Structures are given as structure tokens and as C-alpha cells.
Amino acid sequence: MKHKSLMRPRKSGYLFIAPYVVLLGAVGIYPAGYVVYMALMSLTAHFTGLDNFIDATHNSEFVPAFENIIKFLGIWLTVLVVFVVSLSLMLHSLNERVGAAFRFVLYLPAALAGSASVMLWLFMLQPGKSPWGFVLSWLGYHTLGDSLAPAHLPVIFALIAFWSGAGSWIVVMHGALATIPEEVVESARLDGAGAWRTAVNIKLPLIKKWIAYMVIGAFAAGSQLFAEPQLISEATGGIANQAWSPNQLAIFLAFRYDYFNYAAAISVDLLVVAVVCAAVILLRTGLFDVGH
Amino acid sequence: MLSHTNSAARRSATGQVVTYVLLALFAAFFAVPIVWLVFEATGVHLGMIGGNLGLWLSNSAIYSAAGAAIAIATCLPAGYAIATHEFPGRRPLLILTMLVMLIPTSALVLPLFLEANEVHQLTSPLAVIVPYGLFPFGVYLSYLYFHTERFNVLFQTARSDGCDEWQVFRNIAVPLSKPVAALIVFLNIVASWTNFFLPWVMYWSNDTTNRYPLPLGIALQLFNGETSGEYLGVVQLHTSSPPSAIAFLLLATIAPVVVVFVLARRWIGSGHFQGVFR
């Protein structure tokens, strides 16, 4: 094994990685470094240390934006874990053809991620237009304003995110469940375990790592929420205000007031959350082959 | 004994029914909005769409195709080299690649905006195409694909038969890469086709309407000059095109993804995503 790896070519590797490394530098590493630089500088390009970070927290929208995102994340992650895991286990107990058909239906909304899913759900929440009208009227909502009451927004964003995002995670869980050897499931069955006990006691512990990956990954992605509150804000003239989520606040400060340095500071806050999550997934879940 | 078996069988039959009922409810939750779109879109005339559908579609197609071309041209050789070559910096590059692939792309949108602003490319198509081309997940997929004993032996044999490094890659690795290449192209196209945040930040703020891809065209439908600020009075959605036209726009968004999905599936095989993880 040792001598084999020594026989591998060396220098030519640099030529093959060069285009990718240039790209990674240009639109990955450089912008990340540049935003950190911006966050540490004043408007007049003087080094100000952490002043921008502190000043940004004094903005009246800062704390509400983070409160909003935490409420959303709490609901979104709970819904995601409970339903993706139970749906995946249920689908895994079906035969392969039926399971594949279900997964396709559940994956399809991923094609409408972003503004399309928000637009669609605005119709789904519109009494008189929505095919779910009976649910809306049962809840006592008679106008779009009723459906979109500010207190409902974290739930609605979680609903949209679940609708367009759950399918991808179900596909990932399918891949995870497919790695469980047939004999393990078979021997559980011979020991008299029913479908329910097999799912909970055998399969669930075997996909724990993937569930952890999903939770951390969805937390990182969810903390970036932008399209949903932005478009609902546009559609309704401000039910969700223009700085409902931290990312919106950063954009708002940059575009409306040209406070690029405050915007950069908030962007760095979010980037740090994302990098920490990525590092935890990489180093703690043991899911990824880090090249021995 | 017999009664025990019977009750177990009954229990599992009940379990099956419960499973199917729950699955049917979820399938309805996911499918009904899309079925609604199809019904809503019937009877639409293209003239009903406020805006320039052709332009949005062609912009979306250009950005996604160009992004996927950059992605495949960078991911395949990089993953191949990390899997089969031994060079200083190989492992740090792999770890950095995985770190970046696990960071949501939206975390880099504002940084990319500041960069594009700095280099005066804010209104250029390159402002979205080049970021779409960066696809570390594709490098990782390509690395996993080539990182097998079987392939390494094959490449080694070709080298001892006198192939130079480029020939090994071009004539052996590339033809073998079809399944993983299809998967990379598919995942990359879906990601860029549905991306809203990046083009919004690049083109919305400075009204570069001729650069809008489809997701921005959809967002544009929400602008109608009637936003009053008095949200409690919002009785219904006001859009600049009728609902049937919007339903058609949304179907136009989903259609290419389904087509690419079906095409890619043939190359990838049914077990796609399997083996993505260890």
C-alpha cells in the first residue's frame, strides 16, 4: 500500500487542480476575506477593530431579526427532524418501486425552491384561491392578511422551507438507510421485531450521524433565510418588515443606507455561524472521507 | 402460539395501513400545490404574462448552462487529481473543499456583492455565472468516484503502457466519469436555476432588468404599485399578472428541472446519491 502511493504522480496534480483552485480563490476565499476586512474598517477605510460589530448590534432591528430567526429555526428544525426521519423510515419499509415513486413526489418541490415556492405559497395561503381553503377557513382566516399575521410568519417560513426542502433530505436519508446491510434487518425480523421496532431500535440508531448532519446543515442554511421574508414583505407592503431576518438586515443596511461596513459585520456574524456548523459536521459526525 | 402469530400479523397489517395513510397525507401535502398549478395554468395566454418571459428563460438557461460548464470543467480534473495524485497540499485542499461545500452558498452572497462592486462587475452576467461555477460538492463527488482501487490500478497500468498524464485523464478518466459528471451537472443546474438571492443582490438593487433570470421575473410579479404599508388591510394578493399566468411561470420553472432530472437519472442510475457518503 505504502509503495503504491509513492508511485502516484505528483507534479502533474497541480495542473489538474489549478482551474478549481483559481476559482475557489476568486469567488470563495477572496470574498470571505474581503468581507472580514470590510467589517474591520470604518467608512473612511481606517481600521476600527470590532466597532462595526458592536455598532451593528445597536441598530433597533438587530435583536428582533435574531429573535425572529431563532423562532423560525426552532420550528423548522423540529418539523424537519420529526417528519423527515419518520417519512424516511416509513418509505424504507415499502418496496423499492413504491418508495422511489413517493420520493420523486416529495423531491419535486425542490425544483421550486426560492422565489417560486414563496409565490406558490402566497396562493396557498390566500383564502378563496387556495386548494387548502377549507383548512384556512377552519382556522378562521378570511383574508391573506389573516393568514400572514406577523405572529404566523415563523411557522409559514418553516412550512415553505419544509415543502421545498424536505425532499432533498429524504433522498439523503434514503442513501443512508440503503447502507444498512440486509442481514441486519432480516435478523431483527427473525428475532420477532415488528416493522415499528425494527425502525426505531435498529434503523434509527444506524442513521444517527446523518440526522446530526441534517440538523446542523439545516441550521446553517436556515440561519441565512432571505427569499421568504423578503418576498412576503414585498407582497404585503410590510407584514414581514424589510429587516425580518439577519441577512435581510445586512442587505437593507447595505442597499438602503450604504452602510457597507455594518452590513459586512452582520454578514461575518452569519458566515462564522456557517463555518462553525460546517466544521462540526466535518470533524464530529465522521460522515465525510477526509482523505487518509 | 397460533393466536400470538395472528395478533402479530394483525398488528403488522394495521401498521401497514397506518403507514400508507400517513404517506398518502404527506404525498398530498407535497403534490397538491403542484397539481393546483397545472389546473390553474390551463387556459393561459402568453400575452397575459406581465414582463418578458423569453428573456428571463434565456437568461436563466445561459447562467445555469455556463455555470455548469465551469463546474464540470473544474470539478472533474480537481477530484481526479485529489483521488489519484500525491502532491503537497492535497489533504488541506480536500478538507478546505469539504468545508466550503458545507457552507450554505447564501452565506457568501453579500461578500460576493461587495467583491463584484469592488471590481465593477455588478451588472455583468459574470457576477452570477462565475459563482455558480464554484461547486466544491462536485469536486468531492468526483474525488469519491475516482478514489477506488480499481480505477487507480487502471490509471497506473495506462501510465506504465506509456500514456502521459493528460492522456490518462482525457482518454480513460473522462470517459469513465459519465455517471458522476451527470450527477454534478444535475445538482449544479438545479442549484443555479432556483437561485434567487445571488441574482437579486447583483441585479435588483441597480435595476438591471435585462439581466433578470426567471426567479427574479417571478419576484417582479409581486410589484404592482399597490403596496400601501397597511398590511392588516391585505385582503388578497395583488400581482402584476393574473394567477393563471403566474402558475404558468412557476411550471416553466419546474419543467426544465424535471427534464434534467429524467435525463440525468439515465446516466446516474437509480442508486444516485448512494455512496456520496461513507
# chains A, B, ... in the order shown; residues from 1 in each chain; ligands from 1

$ residues_around --residues "Gly217 (chain A)" --least-positions-apart "2" --cutoff "9 Å" --atoms "only C-alpha atoms" --output "PyMOL selection string"
(chain A and resi 212-215+219-222+274+277-278+281) or (chain B and resi 102-104)

$ write_last_selection --atoms "N, CA and C atoms" --output "PDB file, in the first residue's frame"
ATOM      1  N   ALA A 212     -27.778  13.993  12.580  1.00  0.00           N
ATOM      2  CA  ALA A 212     -26.980  15.101  13.124  1.00  0.00           C
ATOM      3  C   ALA A 212     -26.528  16.022  11.984  1.00  0.00           C
ATOM      4  N   TYR A 213     -26.086  15.414  10.886  1.00  0.00           N
ATOM      5  CA  TYR A 213     -25.664  16.196   9.712  1.00  0.00           C
ATOM      6  C   TYR A 213     -26.815  17.076   9.207  1.00  0.00           C
ATOM      7  N   MET A 214     -28.007  16.490   9.137  1.00  0.00           N
ATOM      8  CA  MET A 214     -29.169  17.240   8.650  1.00  0.00           C
ATOM      9  C   MET A 214     -29.479  18.417   9.575  1.00  0.00           C
ATOM     10  N   VAL A 215     -29.470  18.169  10.886  1.00  0.00           N
ATOM     11  CA  VAL A 215     -29.817  19.224  11.843  1.00  0.00           C
ATOM     12  C   VAL A 215     -28.831  20.386  11.728  1.00  0.00           C
ATOM     13  N   PHE A 219     -29.654  23.960  10.103  1.00  0.00           N
ATOM     14  CA  PHE A 219     -29.481  25.128  10.978  1.00  0.00           C
ATOM     15  C   PHE A 219     -28.661  26.194  10.250  1.00  0.00           C
ATOM     16  N   ALA A 220     -27.556  25.764   9.633  1.00  0.00           N
ATOM     17  CA  ALA A 220     -26.694  26.708   8.927  1.00  0.00           C
ATOM     18  C   ALA A 220     -27.439  27.358   7.763  1.00  0.00           C
ATOM     19  N   ALA A 221     -28.156  26.539   6.987  1.00  0.00           N
ATOM     20  CA  ALA A 221     -28.878  27.073   5.827  1.00  0.00           C
ATOM     21  C   ALA A 221     -30.031  27.963   6.285  1.00  0.00           C
ATOM     22  N   GLY A 222     -30.750  27.505   7.324  1.00  0.00           N
ATOM     23  CA  GLY A 222     -31.912  28.259   7.803  1.00  0.00           C
ATOM     24  C   GLY A 222     -31.535  29.606   8.388  1.00  0.00           C
ATOM     25  N   ALA A 274     -21.993  29.761   9.873  1.00  0.00           N
ATOM     26  CA  ALA A 274     -21.937  28.763   8.803  1.00  0.00           C
ATOM     27  C   ALA A 274     -20.642  27.955   8.851  1.00  0.00           C
ATOM     28  N   CYS A 277     -20.671  25.546  11.856  1.00  0.00           N
ATOM     29  CA  CYS A 277     -21.534  24.392  11.562  1.00  0.00           C
ATOM     30  C   CYS A 277     -20.828  23.422  10.608  1.00  0.00           C
ATOM     31  N   ALA A 278     -20.223  23.977   9.550  1.00  0.00           N
ATOM     32  CA  ALA A 278     -19.544  23.129   8.568  1.00  0.00           C
ATOM     33  C   ALA A 278     -18.421  22.346   9.229  1.00  0.00           C
ATOM     34  N   ILE A 281     -19.829  19.497  11.356  1.00  0.00           N
ATOM     35  CA  ILE A 281     -20.263  18.368  10.517  1.00  0.00           C
ATOM     36  C   ILE A 281     -19.055  17.566  10.045  1.00  0.00           C
TER      37      ILE A 281
ATOM     38  N   LEU B 102     -19.876  22.586   2.677  1.00  0.00           N
ATOM     39  CA  LEU B 102     -20.850  22.504   3.754  1.00  0.00           C
ATOM     40  C   LEU B 102     -21.346  23.879   4.205  1.00  0.00           C
ATOM     41  N   ILE B 103     -20.755  24.926   3.660  1.00  0.00           N
ATOM     42  CA  ILE B 103     -21.225  26.284   3.969  1.00  0.00           C
ATOM     43  C   ILE B 103     -22.340  26.634   2.980  1.00  0.00           C
ATOM     44  N   PRO B 104     -23.509  27.063   3.464  1.00  0.00           N
ATOM     45  CA  PRO B 104     -24.584  27.405   2.526  1.00  0.00           C
ATOM     46  C   PRO B 104     -24.118  28.508   1.577  1.00  0.00           C
TER      47      PRO B 104
END

$ residues_around --residues "Ile172 (chain B)" --least-positions-apart "6" --cutoff "9 Å" --atoms "only C-alpha atoms" --output "PyMOL selection string"
chain B and resi 154-155+158

$ residues_around --residues "Phe135 (chain B)" --least-positions-apart "4" --cutoff "8 Å" --atoms "only C-alpha atoms" --output "list in words"
Ala71, Cys75, Met101, Val139 and Asn188 of chain B

$ write_last_selection --atoms "C-alpha atoms" --output "PDB file, in the first residue's frame"
ATOM      1  CA  ALA B  71     -18.354  23.468 -12.668  1.00  0.00           C
ATOM      2  CA  CYS B  75     -14.631  19.624 -10.647  1.00  0.00           C
ATOM      3  CA  MET B 101     -19.204  22.680   0.318  1.00  0.00           C
ATOM      4  CA  VAL B 139     -15.115  18.142  -6.533  1.00  0.00           C
ATOM      5  CA  ASN B 188     -25.345  22.282 -10.144  1.00  0.00           C
TER       6      ASN B 188
END

$ select_by_dssp --residues "region 4-41 of chain A" --states "alpha helix (DSSP H)" --output "JSON, numbers by chain"
{"A": [4, 5, 6, 7, 12, 13, 14, 15, 16, 17, 18, 19, 20, 21, 22, 23, 24, 30, 31, 32, 33, 34, 35, 36, 37, 38, 39, 40]}

$ atom_distance --atom1 "CA of Phe196 (chain B)" --atom2 "CA of Asn247 (chain A)"
13.5 Å
